[in-house]
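Note: the block below is entry_33.pdb and it holds PDB, C-alpha atoms.
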```pdb
ATOM      1  CA  MET T 148      13.869  35.584  -9.305
ATOM      2  CA  ASN T 149      16.819  37.605  -8.022
ATOM      3  CA  ARG T 150      20.303  36.227  -8.555
ATOM      4  CA  MET T 151      22.117  35.171  -5.405
ATOM      5  CA  ASP T 152      25.790  35.744  -4.793
ATOM      6  CA  ALA T 153      28.131  33.762  -2.563
ATOM      7  CA  LYS T 154      27.899  36.311   0.239
ATOM      8  CA  ARG T 155      24.117  36.084   0.470
ATOM      9  CA  PHE T 156      24.261  32.300   0.225
ATOM     10  CA  GLU T 157      26.768  32.226   3.080
ATOM     11  CA  THR T 158      24.605  34.556   5.196
ATOM     12  CA  LEU T 159      21.583  32.338   4.715
ATOM     13  CA  ALA T 160      23.512  29.139   5.455
ATOM     14  CA  GLU T 161      24.935  30.739   8.546
ATOM     15  CA  ALA T 162      21.488  31.802   9.762
ATOM     16  CA  HIS T 163      19.278  28.906   8.704
ATOM     17  CA  GLY T 164      21.593  25.925   8.375
ATOM     18  CA  ALA T 165      22.303  23.520   5.551
ATOM     19  CA  ALA T 166      18.767  22.591   4.498
ATOM     20  CA  ILE T 167      17.812  25.054   1.774
ATOM     21  CA  GLY T 168      14.239  23.852   2.117
ATOM     22  CA  ARG T 169      14.184  25.521   5.552
ATOM     23  CA  TRP T 170      15.458  28.847   4.269
ATOM     24  CA  PRO T 171      13.052  31.744   3.658
ATOM     25  CA  ARG T 172      10.802  30.768   0.768
ATOM     26  CA  ASP T 173      11.620  33.913  -1.186
ATOM     27  CA  ASP T 174      15.303  32.930  -1.248
ATOM     28  CA  GLN T 175      15.027  29.249  -2.021
ATOM     29  CA  ASP T 176      14.812  29.357  -5.821
ATOM     30  CA  ALA T 177      17.791  31.701  -6.074
ATOM     31  CA  ALA T 178      19.713  29.539  -3.602
ATOM     32  CA  PHE T 179      19.125  26.374  -5.629
ATOM     33  CA  ALA T 180      20.170  28.283  -8.751
ATOM     34  CA  PHE T 181      23.382  29.384  -7.057
ATOM     35  CA  LEU T 182      24.009  25.799  -5.947
ATOM     36  CA  ALA T 183      23.729  24.712  -9.586
ATOM     37  CA  GLU T 184      25.927  27.566 -10.812
ATOM     38  CA  ALA T 185      28.696  27.297  -8.242
ATOM     39  CA  PRO T 186      28.369  23.838  -6.690
ATOM     40  CA  GLU T 187      31.805  23.743  -5.054
ATOM     41  CA  VAL T 188      31.469  27.069  -3.256
ATOM     42  CA  ALA T 189      27.867  26.432  -2.284
ATOM     43  CA  GLN T 190      28.461  22.868  -1.156
ATOM     44  CA  ALA T 191      31.398  23.902   1.034
ATOM     45  CA  LEU T 192      29.211  26.485   2.763
ATOM     46  CA  LEU T 193      26.408  23.972   3.238
ATOM     47  CA  ASP T 194      28.793  21.320   4.592
ATOM     48  CA  ASP T 195      30.076  23.811   7.130
ATOM     49  CA  ALA T 196      26.544  24.681   8.250
ATOM     50  CA  ARG T 197      25.596  21.004   8.364
ATOM     51  CA  LEU T 198      28.169  20.270  11.033
ATOM     52  CA  LEU T 199      26.374  22.604  13.413
ATOM     53  CA  ASP T 200      22.950  21.298  12.353
ATOM     54  CA  GLU T 201      24.014  17.775  13.220
ATOM     55  CA  ALA T 202      25.353  18.856  16.597
ATOM     56  CA  LEU T 203      22.106  20.733  17.334
ATOM     57  CA  ASP T 204      20.076  17.684  16.402
ATOM     58  CA  GLU T 205      21.851  15.724  19.121
ATOM     59  CA  LEU T 206      19.844  17.691  21.664
ATOM     60  CA  ARG T 207      16.758  15.540  21.975
ATOM     61  CA  PRO T 208      14.599  16.342  24.977
ATOM     62  CA  PRO T 209      12.797  13.331  26.422
ATOM     63  CA  SER T 210       9.295  12.467  25.302
ATOM     64  CA  PRO T 211       6.462  13.549  27.586
ATOM     65  CA  SER T 212       5.814  11.131  30.413
ATOM     66  CA  LEU T 213       2.482   9.364  30.700
ATOM     67  CA  ALA T 214       1.953  11.050  34.063
ATOM     68  CA  LEU T 215       2.283  14.502  32.490
ATOM     69  CA  ARG T 216       0.039  13.556  29.593
ATOM     70  CA  ASP T 217      -2.626  12.167  31.933
ATOM     71  CA  ALA T 218      -2.494  15.204  34.234
ATOM     72  CA  ILE T 219      -3.003  17.532  31.274
ATOM     73  CA  ILE T 220      -5.915  15.521  29.923
ATOM     74  CA  ALA T 221      -7.482  15.330  33.380
ATOM     75  CA  ALA T 222      -7.420  19.129  33.592
ATOM     76  CA  ALA T 223      -9.381  19.519  30.349
ATOM     77  CA  PRO T 224     -13.029  20.515  30.640
ATOM     78  CA  ALA T 225     -15.236  17.452  30.337
ATOM     79  CA  GLU T 226     -18.081  17.253  27.855
ATOM     80  CA  SER T 227     -20.538  16.439  30.623
ATOM     81  CA  ARG T 228     -19.562  19.608  32.438
ATOM     82  CA  GLY T 229     -20.827  21.673  29.505
ATOM     83  CA  TRP T 230     -24.073  19.742  29.531
ATOM     84  CA  SER T 231     -24.479  20.134  33.256
ATOM     85  CA  LEU T 232     -24.028  23.857  32.923
ATOM     86  CA  GLY T 233     -26.511  23.952  30.088
ATOM     87  CA  ARG T 234     -29.029  21.932  32.034
ATOM     88  CA  TRP T 235     -28.466  24.004  35.143
ATOM     89  CA  LEU T 236     -29.067  27.166  33.171
ATOM     90  CA  ALA T 237     -32.094  25.615  31.481
ATOM     91  CA  GLY T 238     -33.420  24.586  34.861
ATOM     92  CA  ALA T 239     -32.751  28.024  36.225
ATOM     93  CA  GLY T 240     -34.507  29.507  33.211
ATOM     94  CA  ILE T 241     -37.570  27.318  33.685
ATOM     95  CA  GLY T 242     -37.577  28.066  37.399
ATOM     96  CA  ALA T 243     -37.350  31.766  36.754
ATOM     97  CA  ALA T 244     -40.062  31.546  34.137
ATOM     98  CA  LEU T 245     -42.373  29.607  36.462
ATOM     99  CA  ALA T 246     -41.728  32.113  39.192
ATOM    100  CA  ALA T 247     -42.593  34.849  36.727
ATOM    101  CA  ALA T 248     -45.764  32.967  35.772
ATOM    102  CA  CYS T 249     -46.749  32.611  39.431
ATOM    103  CA  ALA T 250     -46.096  36.278  39.959
ATOM    104  CA  ALA T 251     -48.229  37.044  36.916
ATOM    105  CA  GLY T 252     -50.960  34.828  38.344
ATOM    106  CA  VAL T 253     -50.854  36.720  41.590
ATOM    107  CA  VAL T 254     -51.098  39.978  39.692
ATOM    108  CA  ILE T 255     -54.033  38.633  37.663
ATOM    109  CA  GLY T 256     -55.687  37.382  40.836
ATOM    110  CA  VAL T 257     -55.286  40.750  42.493
ATOM    111  CA  ASP T 258     -56.349  42.779  39.493
ATOM    112  CA  ILE T 259     -59.352  41.045  37.942
ATOM    113  CA  ALA T 260     -59.630  43.778  35.365
ATOM    114  CA  ALA T 261     -56.231  42.958  33.950
ATOM    115  CA  PRO T 262     -56.022  40.955  30.654
ATOM    116  CA  SER T 263     -55.361  37.189  30.769
ATOM    117  CA  GLY T 264     -51.853  35.892  31.613
ATOM    118  CA  ALA T 265     -51.212  34.837  28.024
ATOM    119  CA  SER T 266     -48.295  37.199  27.635
ATOM    120  CA  SER T 267     -46.627  35.686  30.706
ATOM    121  CA  LEU T 268     -47.207  32.179  29.408
ATOM    122  CA  ASP T 269     -45.714  33.242  26.094
ATOM    123  CA  ALA T 270     -42.705  34.437  28.023
ATOM    124  CA  VAL T 271     -42.375  30.988  29.655
ATOM    125  CA  SER T 272     -42.542  29.255  26.273
ATOM    126  CA  GLN T 273     -40.054  31.693  24.843
ATOM    127  CA  THR T 274     -37.642  31.181  27.717
ATOM    128  CA  VAL T 275     -37.773  27.400  27.464
ATOM    129  CA  ALA T 276     -37.472  27.527  23.692
ATOM    130  CA  VAL T 277     -34.446  29.765  23.930
ATOM    131  CA  GLU T 278     -32.869  27.529  26.553
ATOM    132  CA  ASP T 279     -33.608  24.423  24.468
ATOM    133  CA  ASP T 280     -31.914  26.014  21.491
ATOM    134  CA  TRP T 281     -28.979  27.038  23.649
ATOM    135  CA  ILE T 282     -28.395  23.577  25.049
ATOM    136  CA  ALA T 283     -29.159  21.789  21.791
ATOM    137  CA  LEU T 284     -26.517  23.721  19.828
ATOM    138  CA  PRO T 285     -23.421  21.914  21.117
ATOM    139  CA  GLU T 286     -24.973  18.527  20.387
ATOM    140  CA  MET T 287     -25.819  19.554  16.837
ATOM    141  CA  GLU T 288     -22.303  20.804  16.254
ATOM    142  CA  SER T 289     -20.684  17.735  17.735
ATOM    143  CA  GLN T 290     -22.535  15.597  15.233
ATOM    144  CA  SER T 291     -21.374  17.606  12.228
TER
ATOM    145  CA  MET M  38     -14.970  17.066   9.461
ATOM    146  CA  LYS M  39     -14.424  20.623   8.332
ATOM    147  CA  GLN M  40     -10.761  21.407   7.807
ATOM    148  CA  SER M  41      -9.661  24.988   7.652
ATOM    149  CA  GLY M  42      -7.174  25.920   4.974
ATOM    150  CA  GLY M  43      -5.509  28.458   7.239
ATOM    151  CA  ASP M  44      -5.143  26.663  10.533
ATOM    152  CA  PRO M  45      -4.758  22.875  10.543
ATOM    153  CA  ASP M  46      -5.837  22.796  14.190
ATOM    154  CA  GLU M  47      -9.034  24.818  13.766
ATOM    155  CA  ALA M  48     -11.530  21.946  13.691
ATOM    156  CA  LEU M  49      -9.782  20.152  16.536
ATOM    157  CA  VAL M  50      -9.777  23.260  18.720
ATOM    158  CA  ALA M  51     -13.483  23.787  18.071
ATOM    159  CA  ARG M  52     -14.174  20.238  19.264
ATOM    160  CA  VAL M  53     -11.967  20.761  22.317
ATOM    161  CA  GLY M  54     -13.983  23.883  23.060
ATOM    162  CA  ARG M  55     -17.104  21.721  23.185
ATOM    163  CA  GLY M  56     -15.496  19.335  25.625
ATOM    164  CA  ASP M  57     -14.955  16.492  23.138
ATOM    165  CA  GLN M  58     -12.583  14.157  24.989
ATOM    166  CA  ALA M  59     -11.279  12.484  21.837
ATOM    167  CA  ALA M  60     -10.296  15.909  20.537
ATOM    168  CA  VAL M  61      -8.634  16.739  23.868
ATOM    169  CA  GLN M  62      -6.496  13.615  23.584
ATOM    170  CA  ALA M  63      -5.688  14.321  19.952
ATOM    171  CA  LEU M  64      -4.605  17.889  20.705
ATOM    172  CA  VAL M  65      -2.400  16.682  23.561
ATOM    173  CA  ALA M  66      -0.828  14.040  21.317
ATOM    174  CA  ARG M  67      -0.220  16.641  18.617
ATOM    175  CA  LYS M  68       1.063  19.517  20.735
ATOM    176  CA  LEU M  69       2.484  18.256  24.010
ATOM    177  CA  PRO M  70       5.817  17.039  22.589
ATOM    178  CA  ARG M  71       6.297  20.369  20.791
ATOM    179  CA  MET M  72       5.462  22.463  23.838
ATOM    180  CA  LEU M  73       7.593  20.344  26.138
ATOM    181  CA  GLN M  74      10.582  20.482  23.799
ATOM    182  CA  LEU M  75      10.211  24.214  23.331
ATOM    183  CA  ALA M  76      10.209  24.790  27.077
ATOM    184  CA  GLN M  77      13.021  22.306  27.680
ATOM    185  CA  ARG M  78      15.252  23.994  25.118
ATOM    186  CA  MET M  79      14.424  27.471  26.364
ATOM    187  CA  LEU M  80      14.851  26.632  30.047
ATOM    188  CA  GLY M  81      17.272  23.680  30.042
ATOM    189  CA  ASP M  82      15.381  22.163  32.960
ATOM    190  CA  ALA M  83      13.103  19.139  32.606
ATOM    191  CA  ALA M  84      10.914  19.785  35.654
ATOM    192  CA  GLU M  85      10.364  23.441  34.779
ATOM    193  CA  ALA M  86       9.646  22.482  31.185
ATOM    194  CA  GLU M  87       6.923  20.089  32.367
ATOM    195  CA  ASP M  88       5.381  22.846  34.497
ATOM    196  CA  VAL M  89       5.362  25.200  31.529
ATOM    197  CA  ALA M  90       3.856  22.591  29.195
ATOM    198  CA  GLN M  91       1.140  21.841  31.737
ATOM    199  CA  GLU M  92       0.317  25.529  32.171
ATOM    200  CA  VAL M  93       0.150  26.041  28.399
ATOM    201  CA  PHE M  94      -2.539  23.381  28.220
ATOM    202  CA  VAL M  95      -4.453  24.778  31.194
ATOM    203  CA  ARG M  96      -4.668  28.027  29.244
ATOM    204  CA  ALA M  97      -5.469  26.204  26.022
ATOM    205  CA  TRP M  98      -8.447  24.492  27.677
ATOM    206  CA  ARG M  99      -9.704  27.907  28.800
ATOM    207  CA  GLN M 100      -9.065  29.472  25.397
ATOM    208  CA  ALA M 101     -10.543  26.768  23.171
ATOM    209  CA  PRO M 102     -14.264  27.515  23.807
ATOM    210  CA  ARG M 103     -13.772  31.176  22.917
ATOM    211  CA  TRP M 104     -11.175  30.715  20.172
ATOM    212  CA  ILE M 105     -11.990  32.808  17.106
ATOM    213  CA  PRO M 106     -10.508  31.187  14.000
ATOM    214  CA  GLY M 107      -8.744  33.318  11.451
ATOM    215  CA  ALA M 108      -6.861  35.781  13.603
ATOM    216  CA  ALA M 109      -3.932  33.449  14.294
ATOM    217  CA  ARG M 110      -3.016  29.799  14.227
ATOM    218  CA  PHE M 111      -3.693  27.987  17.475
ATOM    219  CA  ASP M 112      -0.182  26.525  17.321
ATOM    220  CA  THR M 113       1.273  30.037  17.119
ATOM    221  CA  TRP M 114      -0.863  31.126  20.066
ATOM    222  CA  MET M 115       0.385  28.139  22.089
ATOM    223  CA  HIS M 116       3.977  29.022  21.213
ATOM    224  CA  ARG M 117       3.411  32.596  22.388
ATOM    225  CA  VAL M 118       1.955  31.407  25.693
ATOM    226  CA  ALA M 119       4.816  28.939  26.190
ATOM    227  CA  LEU M 120       7.445  31.568  25.407
ATOM    228  CA  ASN M 121       5.863  34.056  27.814
ATOM    229  CA  LEU M 122       5.867  31.433  30.549
ATOM    230  CA  CYS M 123       9.515  30.612  29.800
ATOM    231  CA  TYR M 124      10.460  34.284  29.947
ATOM    232  CA  ASP M 125       8.664  34.638  33.295
ATOM    233  CA  ARG M 126      10.790  31.819  34.670
ATOM    234  CA  LEU M 127      14.001  33.142  33.158
ATOM    235  CA  ARG M 128      13.270  36.573  34.657
ATOM    236  CA  ARG M 129      12.679  35.003  38.068
ATOM    237  CA  ARG M 130      15.988  33.169  37.734
ATOM    238  CA  ARG M 131      17.759  36.441  36.955
ATOM    239  CA  GLU M 132      16.193  38.127  39.968
ATOM    240  CA  GLN M 133      17.214  35.215  42.145
ATOM    241  CA  THR M 134      20.726  35.288  40.687
ATOM    242  CA  MET M 135      21.075  38.974  41.496
ATOM    243  CA  ALA M 136      19.981  38.284  45.050
ATOM    244  CA  GLU M 137      22.238  35.257  45.432
ATOM    245  CA  PRO M 138      25.148  35.298  42.940
ATOM    246  CA  PRO M 139      25.928  31.715  41.902
ATOM    247  CA  GLU M 140      29.346  30.171  41.726
ATOM    248  CA  GLN M 141      31.182  31.020  38.523
ATOM    249  CA  VAL M 142      30.499  28.393  35.856
ATOM    250  CA  ASP M 143      33.579  27.263  33.965
ATOM    251  CA  THR M 144      32.776  26.882  30.290
ATOM    252  CA  GLY M 145      36.356  26.567  29.074
ATOM    253  CA  PRO M 146      38.455  23.464  28.429
ATOM    254  CA  ALA M 147      38.953  21.260  31.464
ATOM    255  CA  PRO M 148      40.548  17.889  32.151
ATOM    256  CA  ASP M 149      37.186  16.139  32.308
ATOM    257  CA  ARG M 150      35.878  17.878  29.201
ATOM    258  CA  GLY M 151      36.407  14.684  27.193
ATOM    259  CA  LEU M 152      33.887  12.846  29.347
ATOM    260  CA  LEU M 153      31.346  15.615  28.823
ATOM    261  CA  ALA M 154      32.058  15.810  25.108
ATOM    262  CA  ARG M 155      30.789  12.276  24.687
ATOM    263  CA  ASP M 156      27.355  13.520  25.540
ATOM    264  CA  THR M 157      26.885  15.908  22.646
ATOM    265  CA  GLY M 158      23.319  16.595  23.632
ATOM    266  CA  ALA M 159      24.386  17.859  27.043
ATOM    267  CA  ARG M 160      27.049  20.010  25.436
ATOM    268  CA  VAL M 161      24.548  21.517  23.028
ATOM    269  CA  SER M 162      22.090  22.097  25.857
ATOM    270  CA  ALA M 163      24.738  23.948  27.867
ATOM    271  CA  ALA M 164      25.837  25.997  24.852
ATOM    272  CA  LEU M 165      22.246  26.873  24.056
ATOM    273  CA  ALA M 166      21.631  27.901  27.654
ATOM    274  CA  ALA M 167      24.647  30.214  27.516
ATOM    275  CA  LEU M 168      23.269  32.155  24.530
ATOM    276  CA  PRO M 169      21.502  35.475  25.006
ATOM    277  CA  GLU M 170      17.787  34.733  25.396
ATOM    278  CA  ARG M 171      16.661  36.282  22.105
ATOM    279  CA  GLN M 172      19.264  34.356  20.111
ATOM    280  CA  ARG M 173      18.225  31.157  21.862
ATOM    281  CA  GLU M 174      14.560  31.877  21.181
ATOM    282  CA  ALA M 175      15.265  32.474  17.485
ATOM    283  CA  LEU M 176      17.202  29.217  17.201
ATOM    284  CA  VAL M 177      14.645  27.198  19.112
ATOM    285  CA  LEU M 178      11.760  28.507  17.018
ATOM    286  CA  CYS M 179      13.475  28.126  13.650
ATOM    287  CA  HIS M 180      15.708  25.092  14.038
ATOM    288  CA  TYR M 181      13.839  22.975  16.563
ATOM    289  CA  GLN M 182      10.204  24.064  16.255
ATOM    290  CA  ASP M 183      10.636  24.324  12.488
ATOM    291  CA  LEU M 184       8.677  27.567  12.186
ATOM    292  CA  GLY M 185       9.077  29.654   9.052
ATOM    293  CA  ASN M 186      10.999  32.906   9.292
ATOM    294  CA  ILE M 187       7.886  35.075   8.946
ATOM    295  CA  GLU M 188       6.006  33.208  11.678
ATOM    296  CA  ALA M 189       9.012  33.144  14.007
ATOM    297  CA  ALA M 190       9.725  36.840  13.461
ATOM    298  CA  SER M 191       6.090  37.667  14.118
ATOM    299  CA  LEU M 192       6.088  35.605  17.318
ATOM    300  CA  MET M 193       9.202  37.390  18.510
ATOM    301  CA  GLY M 194       7.917  40.806  17.490
ATOM    302  CA  VAL M 195      10.921  41.526  15.265
ATOM    303  CA  SER M 196      11.502  41.995  11.547
ATOM    304  CA  VAL M 197      12.589  39.098   9.356
ATOM    305  CA  GLU M 198      15.983  40.808   8.978
ATOM    306  CA  ALA M 199      16.387  41.088  12.739
ATOM    307  CA  LEU M 200      15.478  37.426  13.105
ATOM    308  CA  GLU M 201      18.141  36.504  10.543
ATOM    309  CA  SER M 202      20.690  38.512  12.486
ATOM    310  CA  LEU M 203      19.737  36.798  15.762
ATOM    311  CA  LEU M 204      20.009  33.394  14.092
ATOM    312  CA  SER M 205      23.404  34.181  12.579
ATOM    313  CA  ARG M 206      24.834  35.459  15.840
ATOM    314  CA  GLY M 207      23.403  32.546  17.752
ATOM    315  CA  ARG M 208      24.758  29.930  15.391
ATOM    316  CA  ARG M 209      28.140  31.655  15.269
ATOM    317  CA  ALA M 210      28.360  31.563  19.061
ATOM    318  CA  LEU M 211      27.356  27.894  19.085
ATOM    319  CA  ARG M 212      30.003  27.053  16.510
ATOM    320  CA  VAL M 213      32.615  28.588  18.773
ATOM    321  CA  ALA M 214      31.257  26.875  21.884
ATOM    322  CA  LEU M 215      31.044  23.498  20.153
ATOM    323  CA  ALA M 216      34.188  23.847  18.049
ATOM    324  CA  ASP M 217      35.839  20.797  19.609
ATOM    325  CA  LEU M 218      32.949  18.598  18.473
ATOM    326  CA  ARG M 219      33.761  19.424  14.865
ATOM    327  CA  GLU M 220      37.283  18.030  15.070
TER
END
```

Write-out of the structure in structure tokens:
Amino acid sequence: MNRMDAKRFETLAEAHGAAIGRWPRDDQDAAFAFLAEAPEVAQALLDDARLLDEALDELRPPSPSLALRDAIIAAAPAESRGWSLGRWLAGAGIGAALAAACAAGVVIGVDIAAPSGASSLDAVSQTVAVEDDWIALPEMESQS
Amino acid sequence: MKQSGGDPDEALVARVGRGDQAAVQALVARKLPRMLQLAQRMLGDAAEAEDVAQEVFVRAWRQAPRWIPGAARFDTWMHRVALNLCYDRLRRRREQTMAEPPEQVDTGPAPDRGLLARDTGARVSAALAALPERQREALVLCHYQDLGNIEAASLMGVSVEALESLLSRGRRALRVALADLRE
């Protein structure tokens, strides 16, 4: 711990006020040591700073109104909105997958020699599974 | 509930990001007074302060779902947003003032000064408003928002030494402006 002299103590009181606990942490131990060593000098400097602290503390802005609080909360995204989006995307995914399956069916119907549509059906399962995981995730997290 | 050691708001912000309404209300209860007071002390205008506080939360709602913990505290991020919004408004005021110079404001002793002196809060508000913006910002962050010197300096983009200098000059100017209150 570095020793603190009166000049440094005065500088800190002038900048940060009378509460040593609100001074930079690195300076606090030395400041308390100086206060113990030279209580009259230190206390006079703190008393001087305290006068301004007390004046500053007289500035008390009003508490937030209920109207402001309610307007802010109303603007927050709702939980159901996230679910709706998830469901919409899931629905869109299923729709797209079914469309892909139909298209695959058409291709199979046109080209008899082609292999079965298993790969397309796999793609449908995969899409739904992925979408289920995607929409299930928020619920799992909200329960943790 | 998981509680991060680094950011006390981390778990709450994650829940807000998932649209948890209880978390939304908790974050508003925790942060709205701080944001409103910050804006009020920076701008000295209640209506503008409310607008700023509201806008901070609009951005917070957008930010929460994509917030990546660890890089910064959410409270620090909210302070940065609020300060930027305050500076936008202060800049607009300056531009307006240059276009339409206001009447000269008398800050010296006057016969009715005694009446005003009774309302110390109003006197402090006026003295704070008369400070250069950076000195006011330093005082608001350190004295009123109770931020540590490292966090405040980082928010302001200055060194800890520069912050100390801004604080000293600001407080010295306030002592002069409020000298009659000390008698």

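Picture a line from CA of Ala164 in chain M to CA of Asp217 in chain M; it runs 12.4 Å.
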
May I have a table of the residues of chain T lying at most 9 Å from chain M, giving each one's closest pair of atoms and their distance in Å to one decimal, counting all atoms listed in the file, ordered by chain and ascending residue number, as JSON lines?
```
{"residue": "T:Thr158", "atom": "CA", "partner": "M:Ser205", "partner_atom": "CA", "distance": 7.5}
{"residue": "T:Leu159", "atom": "CA", "partner": "M:Glu201", "partner_atom": "CA", "distance": 7.9}
{"residue": "T:Ala160", "atom": "CA", "partner": "M:Ser205", "partner_atom": "CA", "distance": 8.7}
{"residue": "T:Glu161", "atom": "CA", "partner": "M:Ser205", "partner_atom": "CA", "distance": 5.5}
{"residue": "T:Ala162", "atom": "CA", "partner": "M:Ser205", "partner_atom": "CA", "distance": 4.2}
{"residue": "T:His163", "atom": "CA", "partner": "M:Leu204", "partner_atom": "CA", "distance": 7.1}
{"residue": "T:Gly164", "atom": "CA", "partner": "M:His180", "partner_atom": "CA", "distance": 8.2}
{"residue": "T:Arg169", "atom": "CA", "partner": "M:Gly185", "partner_atom": "CA", "distance": 7.4}
{"residue": "T:Trp170", "atom": "CA", "partner": "M:Asn186", "partner_atom": "CA", "distance": 7.8}
{"residue": "T:Pro171", "atom": "CA", "partner": "M:Asn186", "partner_atom": "CA", "distance": 6.1}
{"residue": "T:Arg172", "atom": "CA", "partner": "M:Gly185", "partner_atom": "CA", "distance": 8.5}
{"residue": "T:Leu198", "atom": "CA", "partner": "M:Arg219", "partner_atom": "CA", "distance": 6.8}
{"residue": "T:Leu199", "atom": "CA", "partner": "M:Arg212", "partner_atom": "CA", "distance": 6.5}
{"residue": "T:Asp200", "atom": "CA", "partner": "M:His180", "partner_atom": "CA", "distance": 8.3}
{"residue": "T:Ala202", "atom": "CA", "partner": "M:Thr157", "partner_atom": "CA", "distance": 6.9}
{"residue": "T:Leu203", "atom": "CA", "partner": "M:Val161", "partner_atom": "CA", "distance": 6.2}
{"residue": "T:Asp204", "atom": "CA", "partner": "M:Gly158", "partner_atom": "CA", "distance": 8.0}
{"residue": "T:Glu205", "atom": "CA", "partner": "M:Gly158", "partner_atom": "CA", "distance": 4.8}
{"residue": "T:Leu206", "atom": "CA", "partner": "M:Gly158", "partner_atom": "CA", "distance": 4.1}
{"residue": "T:Arg207", "atom": "CA", "partner": "M:Gly158", "partner_atom": "CA", "distance": 6.8}
{"residue": "T:Pro208", "atom": "CA", "partner": "M:Gln74", "partner_atom": "CA", "distance": 5.9}
{"residue": "T:Pro209", "atom": "CA", "partner": "M:Gln74", "partner_atom": "CA", "distance": 7.9}
{"residue": "T:Ser210", "atom": "CA", "partner": "M:Pro70", "partner_atom": "CA", "distance": 6.4}
{"residue": "T:Pro211", "atom": "CA", "partner": "M:Pro70", "partner_atom": "CA", "distance": 6.1}
{"residue": "T:Leu215", "atom": "CA", "partner": "M:Glu87", "partner_atom": "CA", "distance": 7.3}
{"residue": "T:Arg216", "atom": "CA", "partner": "M:Val65", "partner_atom": "CA", "distance": 7.2}
{"residue": "T:Ala218", "atom": "CA", "partner": "M:Gln91", "partner_atom": "CA", "distance": 8.0}
{"residue": "T:Ile219", "atom": "CA", "partner": "M:Gln91", "partner_atom": "CA", "distance": 6.0}
{"residue": "T:Ile220", "atom": "CA", "partner": "M:Gln62", "partner_atom": "CA", "distance": 6.6}
{"residue": "T:Ala222", "atom": "CA", "partner": "M:Val95", "partner_atom": "CA", "distance": 6.8}
{"residue": "T:Ala223", "atom": "CA", "partner": "M:Trp98", "partner_atom": "CA", "distance": 5.7}
{"residue": "T:Pro224", "atom": "CA", "partner": "M:Gly56", "partner_atom": "CA", "distance": 5.7}
{"residue": "T:Ala225", "atom": "CA", "partner": "M:Gly56", "partner_atom": "CA", "distance": 5.1}
{"residue": "T:Glu226", "atom": "CA", "partner": "M:Gly56", "partner_atom": "CA", "distance": 4.0}
{"residue": "T:Ser227", "atom": "CA", "partner": "M:Gly56", "partner_atom": "CA", "distance": 7.7}
{"residue": "T:Arg228", "atom": "CA", "partner": "M:Gly56", "partner_atom": "CA", "distance": 7.9}
{"residue": "T:Gly229", "atom": "CA", "partner": "M:Gly56", "partner_atom": "CA", "distance": 7.0}
{"residue": "T:Pro285", "atom": "CA", "partner": "M:Arg55", "partner_atom": "CA", "distance": 6.6}
{"residue": "T:Glu286", "atom": "CA", "partner": "M:Arg55", "partner_atom": "CA", "distance": 8.9}
{"residue": "T:Glu288", "atom": "CA", "partner": "M:Arg52", "partner_atom": "CA", "distance": 8.7}
{"residue": "T:Ser289", "atom": "CA", "partner": "M:Arg52", "partner_atom": "CA", "distance": 7.1}
{"residue": "T:Ser291", "atom": "CA", "partner": "M:Met38", "partner_atom": "CA", "distance": 7.0}
```

Query raised in the report: Applied to the shown file, which residues does the PyMOL selection byres ((chain T and resi 180-185) around 9) return, written as a list in words?
Result: Arg150, Met151, Asp152, Ala153, Phe156, Gln175, Asp176, Ala177, Ala178, Phe179, Pro186, Glu187, Val188, Ala189 and Gln190 of chain T

Requested in this report: Identify the residues around (-0.6, 31.2, 17.2) within a radius of 12 Å, measuring from all atoms listed in the file in the coordinates stated by the file, and give them as number ranges by chain.
Outcome: M: 43-47, 97, 100, 104-120, 184, 188-189, 191-193

Query raised in the report: What is the distance, in Å and to one decimal place, between CA of Arg67 in chain M and CA of Val195 in chain M?
Result: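 Atom-to-atom, CA of Arg67 in chain M and CA of Val195 in chain M are spaced 27.5 Å apart.
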
Query raised in the report: In Å, with one decimal, what is the gap from CA of Ala199 in chain M to CA of Ala86 in chain M?
Result: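 Straight-line distance from CA of Ala199 in chain M to CA of Ala86 in chain M works out to 27.1 Å.
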
Which centre and edge lengths in Å to one decimal define the box along x, y and z that fits every listed atom of range 204-210 of chain M plus 4 Å per side, as lines of an AutoDock Vina configuration file?
```
center_x = 24.2
center_y = 32.7
center_z = 15.8
size_x = 16.4
size_y = 13.5
size_z = 14.5
```

Query raised in the report: For Arg155 in chain T, which of T:Asp194, T:Asp174, T:Asp217, T:Glu201 is the closest residue, counting only C-alpha atoms?
Result: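 Of T:Asp194, T:Asp174, T:Asp217, T:Glu201, the one nearest Arg155 in chain T is T:Asp174, counting only C-alpha atoms.
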